[in-house]
Structure formats: C-alpha cells, structure tokens
>>> print(open('upload_5.txt').read())   # compact mmCIF, C-alpha atoms
# COMPACT_ATOMS: atom_id res chain seq x y z
CA MET W 1 -52.44 -34.38 -175.67
CA ALA W 2 -55.98 -35.05 -176.93
CA SER W 3 -57.12 -38.65 -177.20
CA PRO W 4 -57.90 -39.98 -180.71
CA VAL W 5 -61.54 -40.03 -181.73
CA PRO W 6 -63.02 -43.51 -181.17
CA PRO W 7 -64.99 -45.24 -183.96
CA LEU W 8 -68.68 -44.48 -184.09
CA TRP W 9 -69.92 -47.98 -183.28
CA HIS W 10 -69.54 -51.03 -181.03
CA SER W 11 -69.20 -49.72 -177.49
CA ARG W 12 -72.43 -47.74 -177.81
CA PHE W 13 -73.87 -48.90 -181.18
CA TRP W 14 -73.54 -52.66 -180.84
CA ILE W 15 -76.68 -53.00 -182.93
CA TRP W 16 -74.52 -52.20 -185.95
CA ASP W 17 -72.57 -55.42 -185.38
CA VAL W 18 -75.80 -57.39 -185.61
CA TYR W 19 -76.84 -55.43 -188.69
CA LEU W 20 -73.53 -55.93 -190.52
CA ILE W 21 -73.41 -59.66 -189.88
CA ALA W 22 -77.09 -60.19 -190.70
CA GLY W 23 -76.77 -58.06 -193.85
CA THR W 24 -73.82 -60.11 -195.08
CA ILE W 25 -75.71 -63.37 -194.49
CA VAL W 26 -78.65 -61.97 -196.50
CA ALA W 27 -76.24 -61.10 -199.32
CA VAL W 28 -74.97 -64.71 -199.32
CA VAL W 29 -78.56 -65.99 -199.57
CA ILE W 30 -79.31 -63.65 -202.49
CA VAL W 31 -76.29 -64.88 -204.40
CA LEU W 32 -77.25 -68.51 -203.83
CA LEU W 33 -80.97 -68.05 -204.56
CA PHE W 34 -80.42 -66.11 -207.75
CA PRO W 35 -77.43 -67.78 -209.37
CA ASP W 36 -75.77 -66.13 -212.29
CA ARG W 37 -75.88 -67.67 -215.75
CA ALA W 38 -72.18 -68.48 -215.62
CA ASP W 39 -70.48 -71.35 -213.89
CA THR W 40 -68.91 -71.24 -210.45
CA ARG W 41 -68.47 -67.48 -210.00
CA PRO W 42 -71.59 -67.09 -207.79
CA LEU W 43 -70.34 -69.87 -205.53
CA ILE W 44 -66.96 -68.17 -205.21
CA ALA W 45 -68.67 -64.84 -204.49
CA ALA W 46 -70.87 -66.50 -201.84
CA GLY W 47 -67.75 -68.03 -200.32
CA LEU W 48 -66.09 -64.59 -200.15
CA LEU W 49 -69.13 -63.19 -198.41
CA VAL W 50 -69.03 -66.05 -195.90
CA VAL W 51 -65.38 -65.13 -195.29
CA LEU W 52 -66.62 -61.56 -194.75
CA VAL W 53 -68.92 -62.81 -191.98
CA GLY W 54 -65.92 -64.42 -190.30
CA TRP W 55 -63.90 -61.24 -190.87
CA LEU W 56 -66.59 -59.14 -189.17
CA ILE W 57 -66.92 -61.52 -186.23
CA GLY W 58 -63.24 -62.29 -185.73
CA PHE W 59 -61.75 -58.89 -186.49
CA GLY W 60 -64.44 -56.24 -186.73
CA LEU W 61 -66.13 -56.74 -183.36
CA SER W 62 -62.95 -55.73 -181.55
CA GLN W 63 -62.86 -52.35 -183.28
CA SER W 64 -64.23 -50.64 -180.17
CA ALA W 65 -60.61 -50.78 -178.97
CA THR W 66 -59.27 -49.06 -182.13
CA GLN W 67 -59.19 -45.44 -183.17
CA ARG W 68 -60.23 -43.83 -186.43
CA GLY W 69 -57.15 -43.55 -188.60
CA GLY W 70 -55.38 -46.35 -186.70
CA THR W 71 -53.62 -49.21 -188.49
CA ARG W 72 -55.93 -51.90 -187.15
CA LEU W 73 -59.06 -50.11 -188.34
CA THR W 74 -57.50 -49.44 -191.73
CA VAL W 75 -56.64 -53.12 -192.17
CA PHE W 76 -60.14 -54.14 -191.12
CA LEU W 77 -61.84 -51.72 -193.52
CA CYS W 78 -59.58 -52.57 -196.47
CA GLY W 79 -60.12 -56.30 -195.93
CA ALA W 80 -63.90 -55.94 -195.77
CA MET W 81 -64.08 -53.69 -198.85
CA LEU W 82 -61.78 -56.02 -200.81
CA LEU W 83 -64.01 -59.03 -200.10
CA ILE W 84 -67.17 -57.10 -201.06
CA VAL W 85 -65.70 -55.63 -204.27
CA ILE W 86 -64.32 -58.98 -205.46
CA ALA W 87 -67.65 -60.72 -204.74
CA MET W 88 -69.58 -58.06 -206.72
CA ALA W 89 -66.99 -58.20 -209.50
CA LEU W 90 -67.55 -61.94 -209.81
CA THR W 91 -71.35 -61.63 -209.95
CA PRO W 92 -73.72 -58.65 -210.00
CA THR W 93 -76.08 -60.57 -207.70
CA ALA W 94 -73.64 -59.83 -204.84
CA PHE W 95 -74.98 -56.27 -204.83
CA GLY W 96 -76.76 -57.27 -201.60
CA ALA W 97 -73.46 -56.61 -199.84
CA LEU W 98 -73.68 -52.87 -200.62
CA PRO W 99 -75.86 -52.11 -197.54
CA VAL W 100 -73.04 -53.66 -195.49
CA ALA W 101 -70.32 -51.62 -197.18
CA TYR W 102 -71.95 -48.22 -196.76
CA PRO W 103 -72.08 -48.15 -192.90
CA LEU W 104 -68.50 -49.43 -192.71
CA LEU W 105 -67.31 -46.60 -194.96
CA PHE W 106 -69.18 -43.83 -193.15
CA MET W 107 -68.23 -45.16 -189.72
CA SER W 108 -64.54 -45.52 -190.53
CA LEU W 109 -63.81 -42.53 -192.79
CA THR W 110 -64.47 -38.83 -192.61
CA THR W 111 -67.41 -37.62 -194.67
CA PRO W 112 -65.76 -36.56 -198.00
CA PRO W 113 -63.73 -39.79 -198.48
CA ALA W 114 -66.74 -41.84 -197.36
CA VAL W 115 -68.95 -40.22 -200.04
CA VAL W 116 -66.34 -40.82 -202.78
CA ALA W 117 -65.84 -44.45 -201.72
CA THR W 118 -69.62 -45.01 -201.55
CA VAL W 119 -70.14 -43.73 -205.10
CA ALA W 120 -67.19 -45.76 -206.37
CA ILE W 121 -68.30 -49.06 -204.83
CA SER W 122 -71.90 -48.51 -205.94
CA VAL W 123 -70.95 -48.79 -209.63
CA VAL W 124 -69.11 -52.11 -209.23
CA PRO W 125 -72.22 -54.31 -209.87
CA LEU W 126 -72.95 -52.36 -213.08
CA LEU W 127 -69.36 -52.70 -214.26
CA SER W 128 -69.48 -56.40 -213.42
CA GLN W 129 -72.67 -56.76 -215.46
CA LEU W 130 -71.10 -55.03 -218.43
CA ALA W 131 -67.89 -57.01 -218.13
CA TRP W 132 -69.50 -60.43 -217.99
CA TYR W 133 -72.63 -60.04 -220.12
CA GLY W 134 -72.19 -56.96 -222.27
CA SER W 135 -74.83 -54.32 -222.92
CA ASP W 136 -77.67 -56.64 -223.93
CA GLY W 137 -80.54 -57.85 -221.83
CA ARG W 138 -83.12 -56.65 -219.42
CA ASP W 139 -80.81 -57.33 -216.43
CA LEU W 140 -78.52 -54.49 -217.48
CA ALA W 141 -81.35 -51.97 -217.31
CA ILE W 142 -82.35 -53.17 -213.86
CA THR W 143 -78.74 -53.07 -212.66
CA ALA W 144 -78.25 -49.59 -214.10
CA ALA W 145 -81.41 -48.33 -212.38
CA LEU W 146 -80.35 -49.79 -209.06
CA THR W 147 -76.89 -48.28 -209.49
CA GLY W 148 -78.33 -44.83 -210.15
CA MET W 149 -80.51 -45.04 -207.08
CA THR W 150 -77.68 -46.14 -204.82
CA VAL W 151 -75.29 -43.49 -206.17
CA VAL W 152 -77.79 -40.75 -205.25
CA ILE W 153 -79.47 -42.13 -202.15
CA SER W 154 -76.71 -43.95 -200.25
CA PRO W 155 -74.43 -40.91 -199.72
CA MET W 156 -77.42 -38.89 -198.48
CA ILE W 157 -78.47 -41.62 -196.06
CA GLY W 158 -74.87 -42.11 -194.95
CA ILE W 159 -74.40 -38.40 -194.29
CA TRP W 160 -77.68 -38.25 -192.37
CA VAL W 161 -76.78 -41.27 -190.24
CA ARG W 162 -73.29 -39.89 -189.66
CA SER W 163 -74.76 -36.54 -188.61
CA ALA W 164 -77.19 -38.22 -186.20
CA ILE W 165 -74.41 -40.28 -184.65
CA GLU W 166 -72.11 -37.29 -184.27
CA GLN W 167 -74.92 -35.26 -182.70
CA GLY W 168 -75.36 -38.10 -180.23
CA GLN W 169 -71.65 -38.00 -179.51
CA ARG W 170 -71.74 -34.23 -179.02
CA LEU W 171 -74.69 -34.61 -176.70
CA GLU W 172 -72.78 -37.21 -174.72
CA THR W 173 -69.75 -34.91 -174.59
CA VAL W 174 -71.88 -32.00 -173.39
CA THR W 175 -73.50 -34.26 -170.79
CA ALA W 176 -70.08 -35.38 -169.58
CA GLU W 177 -68.88 -31.76 -169.43
CA LEU W 178 -72.01 -30.79 -167.53
CA ALA W 179 -71.42 -33.60 -165.04
CA SER W 180 -67.81 -32.47 -164.72
CA SER W 181 -68.93 -28.86 -164.21
CA ARG W 182 -71.36 -29.95 -161.52
CA ALA W 183 -68.62 -31.90 -159.80
CA GLU W 184 -66.32 -28.87 -160.01
CA ALA W 185 -69.07 -26.63 -158.66
CA ALA W 186 -69.63 -29.05 -155.79
CA ARG W 187 -65.88 -29.07 -155.09
CA LEU W 188 -65.70 -25.27 -155.12
CA ALA W 189 -68.77 -25.06 -152.90
CA HIS W 190 -67.13 -27.49 -150.49
CA GLU W 191 -63.94 -25.43 -150.48
CA ALA W 192 -65.94 -22.22 -149.97
CA GLY W 193 -67.80 -23.87 -147.11
CA THR W 194 -64.52 -25.04 -145.61
CA THR W 195 -63.05 -21.54 -145.89
CA ALA W 196 -66.16 -19.99 -144.34
CA GLU W 197 -66.06 -22.49 -141.50
CA ARG W 198 -62.38 -21.75 -140.88
CA SER W 199 -63.16 -18.03 -140.78
CA ARG W 200 -66.02 -18.67 -138.38
CA LEU W 201 -63.80 -20.71 -136.10
CA ALA W 202 -61.08 -18.05 -136.28
CA ARG W 203 -63.59 -15.39 -135.19
CA GLU W 204 -64.96 -17.59 -132.43
CA ILE W 205 -61.47 -18.36 -131.09
CA HIS W 206 -60.48 -14.70 -131.26
CA ASP W 207 -63.67 -13.50 -129.58
CA THR W 208 -63.69 -16.12 -126.83
CA LEU W 209 -60.62 -18.20 -126.08
CA ALA W 210 -58.00 -15.65 -127.11
CA GLN W 211 -59.65 -12.90 -125.06
CA GLY W 212 -60.04 -15.26 -122.12
CA PHE W 213 -56.37 -16.21 -122.22
CA THR W 214 -55.44 -12.52 -122.46
CA SER W 215 -57.47 -11.90 -119.30
CA ILE W 216 -55.76 -14.78 -117.53
CA VAL W 217 -52.32 -13.43 -118.44
CA THR W 218 -53.27 -9.93 -117.27
CA LEU W 219 -54.73 -11.20 -113.98
CA SER W 220 -51.73 -13.45 -113.38
CA GLN W 221 -49.35 -10.53 -113.77
CA ALA W 222 -51.48 -8.42 -111.41
CA ALA W 223 -51.67 -11.22 -108.84
CA ASP W 224 -47.93 -11.74 -108.99
CA ALA W 225 -47.34 -8.01 -108.43
CA SER W 226 -49.60 -7.86 -105.35
CA TRP W 227 -48.85 -11.31 -103.92
CA ASP W 228 -46.52 -10.06 -101.14
CA THR W 229 -47.91 -6.59 -100.54
CA ASP W 230 -51.67 -7.23 -100.77
CA PRO W 231 -52.52 -10.94 -100.33
CA ASP W 232 -56.29 -10.34 -100.28
CA THR W 233 -56.22 -8.63 -103.66
CA ALA W 234 -53.96 -11.37 -105.02
CA ARG W 235 -56.40 -14.05 -103.81
CA ALA W 236 -59.29 -12.22 -105.46
CA GLN W 237 -57.35 -12.06 -108.70
CA VAL W 238 -56.55 -15.76 -108.49
CA ARG W 239 -60.26 -16.47 -108.07
CA LEU W 240 -60.89 -14.37 -111.19
CA ILE W 241 -58.24 -16.39 -113.01
CA GLU W 242 -60.04 -19.56 -112.02
CA GLN W 243 -63.43 -18.20 -113.14
CA THR W 244 -61.99 -16.98 -116.44
CA ALA W 245 -60.42 -20.37 -117.04
CA ARG W 246 -63.76 -22.07 -116.32
CA ASP W 247 -65.50 -19.70 -118.72
CA ASN W 248 -62.90 -20.45 -121.38
CA LEU W 249 -63.39 -24.17 -120.82
CA ALA W 250 -67.15 -23.77 -121.27
CA GLU W 251 -66.61 -21.72 -124.41
CA SER W 252 -64.25 -24.32 -125.86
CA ARG W 253 -66.75 -27.10 -125.18
CA ALA W 254 -69.54 -25.06 -126.79
CA LEU W 255 -67.28 -24.33 -129.75
CA VAL W 256 -66.46 -27.99 -130.26
CA ALA W 257 -70.13 -28.93 -129.96
CA ASP W 258 -71.09 -26.01 -132.25
CA LEU W 259 -73.64 -24.77 -129.70
CA SER W 260 -74.68 -21.30 -128.68
CA PRO W 261 -72.01 -19.31 -126.81
CA ALA W 262 -71.76 -20.50 -123.24
CA PRO W 263 -72.80 -17.13 -121.70
CA ILE W 264 -76.23 -17.23 -123.41
CA ALA W 265 -76.78 -20.98 -123.52
CA ASP W 266 -78.79 -20.98 -120.28
CA THR W 267 -79.70 -17.32 -119.80
CA SER W 268 -80.81 -14.18 -121.62
CA LEU W 269 -78.63 -11.89 -123.70
CA ALA W 270 -79.26 -9.03 -121.30
CA ASP W 271 -77.94 -11.07 -118.34
CA ALA W 272 -74.94 -12.20 -120.39
CA LEU W 273 -74.10 -8.56 -121.19
CA ARG W 274 -74.36 -7.62 -117.52
CA ARG W 275 -72.01 -10.44 -116.54
CA LEU W 276 -69.66 -9.29 -119.28
CA GLY W 277 -69.63 -5.79 -117.78
CA GLU W 278 -69.05 -7.17 -114.27
CA ARG W 279 -66.18 -9.28 -115.48
CA HIS W 280 -64.61 -6.27 -117.23
CA TYR W 281 -64.83 -4.27 -114.01
CA ALA W 282 -63.35 -7.12 -111.98
CA GLU W 283 -60.41 -7.48 -114.36
CA THR W 284 -59.65 -3.80 -115.05
CA GLY W 285 -61.32 -1.77 -112.33
CA VAL W 286 -63.13 0.22 -115.02
CA PRO W 287 -66.91 0.29 -114.38
CA VAL W 288 -69.28 -0.68 -117.19
CA THR W 289 -72.83 0.71 -117.07
CA VAL W 290 -75.06 -1.84 -118.81
CA SER W 291 -78.54 -1.00 -120.06
CA ALA W 292 -80.02 -3.90 -121.99
CA ALA W 293 -83.48 -4.91 -123.12
CA SER W 294 -84.54 -8.40 -122.16
CA ALA W 295 -86.79 -9.41 -125.08
CA PRO W 296 -85.48 -12.58 -126.74
CA LEU W 297 -83.90 -12.40 -130.19
CA PRO W 298 -82.97 -15.10 -132.71
CA THR W 299 -79.98 -17.05 -131.48
CA ALA W 300 -77.78 -16.04 -134.43
CA ILE W 301 -78.49 -12.35 -133.73
CA GLU W 302 -77.79 -12.75 -130.02
CA VAL W 303 -74.47 -14.43 -130.80
CA VAL W 304 -73.44 -11.53 -133.05
CA LEU W 305 -74.40 -8.92 -130.44
CA LEU W 306 -72.62 -10.76 -127.61
CA ARG W 307 -69.44 -11.27 -129.64
CA SER W 308 -69.51 -7.60 -130.70
CA ALA W 309 -69.80 -6.50 -127.07
CA GLN W 310 -66.93 -8.81 -126.09
CA GLU W 311 -64.70 -7.42 -128.83
CA ALA W 312 -65.57 -3.81 -128.04
CA LEU W 313 -64.77 -4.27 -124.32
CA ALA W 314 -61.57 -6.15 -125.20
CA ASN W 315 -60.46 -3.14 -127.28
CA VAL W 316 -61.34 -0.81 -124.40
CA ARG W 317 -59.20 -2.91 -122.06
CA LYS W 318 -56.24 -3.07 -124.46
CA HIS W 319 -56.20 0.41 -125.99
CA ALA W 320 -58.65 2.96 -124.59
CA GLN W 321 -57.22 3.80 -121.14
CA ALA W 322 -60.81 4.63 -120.23
CA THR W 323 -62.23 5.24 -116.76
CA ASP W 324 -65.86 4.62 -117.66
CA VAL W 325 -67.76 2.57 -120.23
CA ASP W 326 -71.44 2.59 -121.24
CA LEU W 327 -72.96 -0.47 -122.88
CA MET W 328 -76.51 -0.21 -124.22
CA LEU W 329 -78.74 -2.66 -126.09
CA CYS W 330 -81.95 -1.25 -127.61
CA GLN W 331 -84.56 -3.28 -129.47
CA SER W 332 -87.32 -2.36 -131.89
CA ALA W 333 -89.67 -4.19 -134.22
CA GLY W 334 -87.13 -3.99 -137.02
CA GLY W 335 -84.02 -5.05 -135.15
CA ALA W 336 -81.58 -4.30 -132.36
CA ARG W 337 -78.82 -1.78 -131.78
CA LEU W 338 -75.80 -2.28 -129.53
CA THR W 339 -73.62 0.67 -128.54
CA VAL W 340 -70.41 0.60 -126.53
CA ARG W 341 -69.03 4.03 -125.59
CA ASP W 342 -65.91 4.78 -123.57
CA ASN W 343 -64.23 7.99 -122.37
CA GLY W 344 -60.73 6.87 -123.29
CA ILE W 345 -57.99 8.39 -125.40
CA GLY W 346 -59.66 7.57 -128.72
CA PHE W 347 -57.82 7.30 -132.04
CA ASP W 348 -57.69 8.94 -135.44
CA ALA W 349 -57.44 5.69 -137.41
CA PRO W 350 -58.31 2.13 -136.37
CA ARG W 351 -55.34 -0.04 -135.48
CA PRO W 352 -54.75 -2.86 -137.94
CA GLY W 353 -55.84 -6.20 -136.53
CA TYR W 354 -58.36 -8.98 -136.67
CA GLY W 355 -60.77 -7.71 -134.02
CA LEU W 356 -62.72 -4.92 -135.72
CA ALA W 357 -62.51 -6.59 -139.14
CA GLY W 358 -63.80 -9.85 -137.71
CA MET W 359 -66.60 -8.02 -135.87
CA ARG W 360 -67.66 -6.19 -139.03
CA HIS W 361 -67.65 -9.42 -141.04
CA ARG W 362 -69.72 -11.20 -138.41
CA VAL W 363 -72.27 -8.35 -138.35
CA GLU W 364 -72.53 -8.19 -142.14
CA GLN W 365 -73.15 -11.94 -142.31
CA VAL W 366 -76.52 -11.46 -140.59
CA GLY W 367 -77.39 -8.41 -142.70
CA GLY W 368 -76.34 -5.83 -140.13
CA SER W 369 -74.01 -2.83 -140.11
CA MET W 370 -71.29 -1.52 -137.83
CA ARG W 371 -70.02 1.99 -137.19
CA VAL W 372 -66.94 3.08 -135.27
CA ASP W 373 -66.67 6.75 -134.29
CA SER W 374 -63.59 7.94 -132.41
CA THR W 375 -61.74 11.18 -131.80
CA LEU W 376 -58.37 11.63 -130.14
CA GLY W 377 -58.92 12.50 -126.51
CA ALA W 378 -62.70 12.16 -126.75
CA GLY W 379 -63.29 8.43 -126.49
CA THR W 380 -64.73 5.88 -128.89
CA LEU W 381 -68.22 4.77 -129.90
CA VAL W 382 -68.87 1.35 -131.44
CA GLU W 383 -72.38 0.89 -132.79
CA VAL W 384 -73.81 -2.34 -134.20
CA GLU W 385 -77.26 -2.59 -135.81
CA VAL W 386 -78.75 -5.94 -136.79
CA PRO W 387 -82.17 -7.01 -138.09
CA ALA W 388 -84.40 -8.93 -135.70
>>> encode(input="upload_5.txt", output="structure tokens")
Amino acid sequence: MASPVPPLWHSRFWIWDVYLIAGTIVAVVIVLLFPDRADTRPLIAAGLLVVLVGWLIGFGLSQSATQRGGTRLTVFLCGAMLLIVIAMALTPTAFGALPVAYPLLFMSLTTPPAVVATVAISVVPLLSQLAWYGSDGRDLAITAALTGMTVVISPMIGIWVRSAIEQGQRLETVTAELASSRAEAARLAHEAGTTAERSRLAREIHDTLAQGFTSIVTLSQAADASWDTDPDTARAQVRLIEQTARDNLAESRALVADLSPAPIADTSLADALRRLGERHYAETGVPVTVSAASAPLPTAIEVVLLRSAQEALANVRKHAQATDVDLMLCQSAGGARLTVRDNGIGFDAPRPGYGLAGMRHRVEQVGGSMRVDSTLGAGTLVEVEVPA
C-alpha cells in the first residue's frame, strides 16, 4: 500500500513557517496603521489575525506529521481560512492576509481546487468594501484594482510555486531511487562476487584436494592388496600416501591463504609439471613424458595451466586405461599451449561431470580456449591455449 503524499512544507520548507507567521503579523500592523472609518471592526479583525498567528504556531507547525487530505490538515486549513475571511469581511484593510492565504491553499489542496479557492478569497476585500461603504469613493477603485490584480496574478504565482516544489519533490524521489538502485547494484555485485568466489573454491577443491584424496584412497587399496605378498611395494605405496597427504596439506594451506598453488609457489611451472608426471607414474605405473618450456608466465596463467594438467591426468587415471601419456607445454610471444595426449580407450562423448566443465571455465576466465579431441580406441587429446 502506497504511503499518503506528505504536505509540501515544514520538514523541508521550514522557511514557509517563518513567512506565514511574519506575513500575518504584517497584516495585523496594516490593519492597525490604517484603521477603517467605522468603529471597532478593525480592532476585531486585528484580533482575529493575532489568533491566526497563534493558530499557525500552535497547530500549523506540526503539519509535517500530517498528510494531504487528512483530517488534521483539513481542520487546520479551514480554521486558517475562516479567520482570514472573517477579518477581511470586517475590514478591507485586512487584505494584507491574502499573501498568507495563497500559500496555505496551494500547499494543502490540489491545483484546481486551490485556484478556485484563491480566486474566491481574493474578492472578499472588494465585497467587504461594497458591503460597508457602498460604491462611492476613491477607496473602492483602489480595492477593485487590487482585486483584479490578485485574481489574475496569484493563481499564476501559486501554480508556478507549486510546480517548482513538485519538481523538487520529483528530483528528491529520483535521487532516492538512484541511491536505492546503487545499493541494489552493490548488493547484486556482492552476490555475484560471492558466487564467483564459491565457484573458484569449488574448482580449487576439485582440482587439488579431491584429486589428492582420490589418490590416497587408490594407494591405500593397492597397499592393502600387496601388504602380505609384497611388503616392499606396500611400503613404497604407504610412502606415496604420506607424500600425497603432505601435498594436500600444503594445497589446503595455500587455498586458505589464497596464495599460488603449492606446486609452483617456490619453483617453476615446468618443474611442477614434471613432478606431476612423476607422481602420476608413481601412483598408476603409467609413464608420463613431460616436455615443458621454462620461461616464466604470469601467475594466473601458470595456475590455469597447472590445474588443467592436473585435471587431464586425473581423467587419464580414472577413465583412459592408457599405457602412455605425453604432456607438452609450448610458449610463444602471444601465449602458451598445453597438450595432454594419452593412448587410452578414448570416448565418443565426454562423461558428464565437473572436471572438464570446471577446466573450461577456468581457461575461459583468463581469455583462453580449450579443445578435447577423442576417438574410441584411439586415445584422447586435451589442448589448452591461453594468452601470455
């Protein structure tokens, strides 16, 4: 449900309060300085205008808490207009209260009723003049001229002021909406950043810890199978389990600290790829021929290439049934290309899973591309190209 429209003054246009009170005091002074030719009517009119000052101070200043069309505002406006009309009806010299009446009408009413009320109240001094003194005298001509001017000019000024105030309100509304939109954009950006960070962590965990734990499980099963029949092999596998666990621990610490991957934190990418091939051979017995350039690359690019190599070898271990793997890293002025080729059973369609999709997403994040080429019975080629 929409909130009612607040009045156009007070909370932001407090200057109108000062104007209304000062204008009413000036009207009182005019009545007292230019007394009418009759008896006590000017004094009564001045008294009503003094009451109007009290009405504005005691009742009108709290209108910032009311809404246009509300009962409180209606009572306030009717009371103020009644005091002004009676004062002008008692003496034409109370016309000085008209500049007080006009803002109240345009601030409290919509434009058409405000224009009608402004015209109607503008003729009260002229009617008072005619009622009390007839159609004779120079004062009637002056009053008629003033009435004509106010009937024409006051609605125009009122409409212009009303338009300026409403434009200010619209500007404030637009400013508030803009601030709200910026806050919403900041919230969405935060959520997008959170989602991206979660995806990054998911890829990191899949490419490092999950693969390490898979290796530990595989080695544990192999060690258990050869424990009684081939103790030396079992001991070697246990040592591999220990090394894999240490590597996983280093990866987890690097992940928490948001550092470079542990394998390339203190060495080159080429050495890290060679160790990766040696570890694959130790775990599976499948040799990996590594040919890697040693020129340094940006850290983000090296991370992508290392993770891609890890994922490709993990897929070879899990699915390829290969007996030989070639891993090659070539560099040029424009970028680097990593290829991992095996002589395994191949496939006609990639298996659904997170690995290849995560690898492709990681490569595309740095502006690279990935290609997977496989044929049943003829092995698989994974090729990653990234800019330098």
>>> atom_distance(input="upload_5.txt", atom1="atom CA of Phe34 of chain W", atom2="atom CA of Ala94 of chain W")
9.7 Å
>>> residues_near_point(input="upload_5.txt", point="(-69.2, -61.3, -188.2)", cutoff="9 Å", atoms="only C-alpha atoms", output="MDAnalysis selection string")
chainID W and resid 17:18 20:22 24 51:61
>>> closest_residue(input="upload_5.txt", among="W:Ala295, W:Leu240, W:Ala186, W:Leu146", to="Val217 of chain W", atoms="all atoms listed in the file")
W:Leu240
>>> closest_residue(input="upload_5.txt", among="W:Thr71, W:Gln129, W:Val116, W:Arg362", to="Ala141 of chain W", atoms="all atoms listed in the file")
W:Gln129
>>> closest_residue(input="upload_5.txt", among="W:Tyr133, W:Tyr102, W:Val151, W:Leu43", to="Val119 of chain W", atoms="all atoms listed in the file")
W:Val151
>>> residues_around(input="upload_5.txt", residues="Ser369 of chain W", least_positions_apart="5", cutoff="6 Å", atoms="all atoms listed in the file", output="list in words")
Glu364, Val384 and Glu385 of chain W
>>> closest_residue(input="upload_5.txt", among="W:Ala210, W:Ala144, W:Met81, W:Met88", to="Thr118 of chain W", atoms="all atoms listed in the file")
W:Met81
>>> closest_residue(input="upload_5.txt", among="W:Ala223, W:Cys330, W:Leu104, W:Ala45", to="Leu32 of chain W", atoms="all atoms listed in the file")
W:Ala45
>>> atom_distance(input="upload_5.txt", atom1="atom CA of Ile86 of chain W", atom2="atom CA of Phe106 of chain W")
20.1 Å
>>> atom_distance(input="upload_5.txt", atom1="atom CA of Thr110 of chain W", atom2="atom CA of Glu177 of chain W")
24.6 Å
>>> closest_residue(input="upload_5.txt", among="W:Ile345, W:Ile216, W:Ile142, W:Ile157", to="Glu242 of chain W", atoms="only C-alpha atoms")
W:Ile216
>>> residues_around(input="upload_5.txt", residues="Arg317 of chain W", least_positions_apart="4", cutoff="9 Å", atoms="all atoms listed in the file", output="PyMOL selection string")
chain W and resi 280+284+286+312-313+321-322
>>> write_last_selection(input="upload_5.txt", atoms="C-alpha atoms", output="short mmCIF file (atom, residue, chain, number, x, y, z; two decimals), in the coordinates of the input")
data_model
loop_
_atom_site.label_atom_id
_atom_site.label_comp_id
_atom_site.auth_asym_id
_atom_site.auth_seq_id
_atom_site.Cartn_x
_atom_site.Cartn_y
_atom_site.Cartn_z
CA HIS W 280 -64.61 -6.27 -117.23
CA THR W 284 -59.65 -3.80 -115.05
CA VAL W 286 -63.13 0.22 -115.02
CA ALA W 312 -65.57 -3.81 -128.04
CA LEU W 313 -64.77 -4.27 -124.32
CA GLN W 321 -57.22 3.80 -121.14
CA ALA W 322 -60.81 4.63 -120.23
#
>>> residues_around(input="upload_5.txt", residues="Ser308 of chain W", least_positions_apart="3", cutoff="12 Å", atoms="all atoms listed in the file", output="ChimeraX atom specification")
/W:203-204,206-208,273,276,301-305,311-315,327,329,337-340,355-364,368-372,382-386
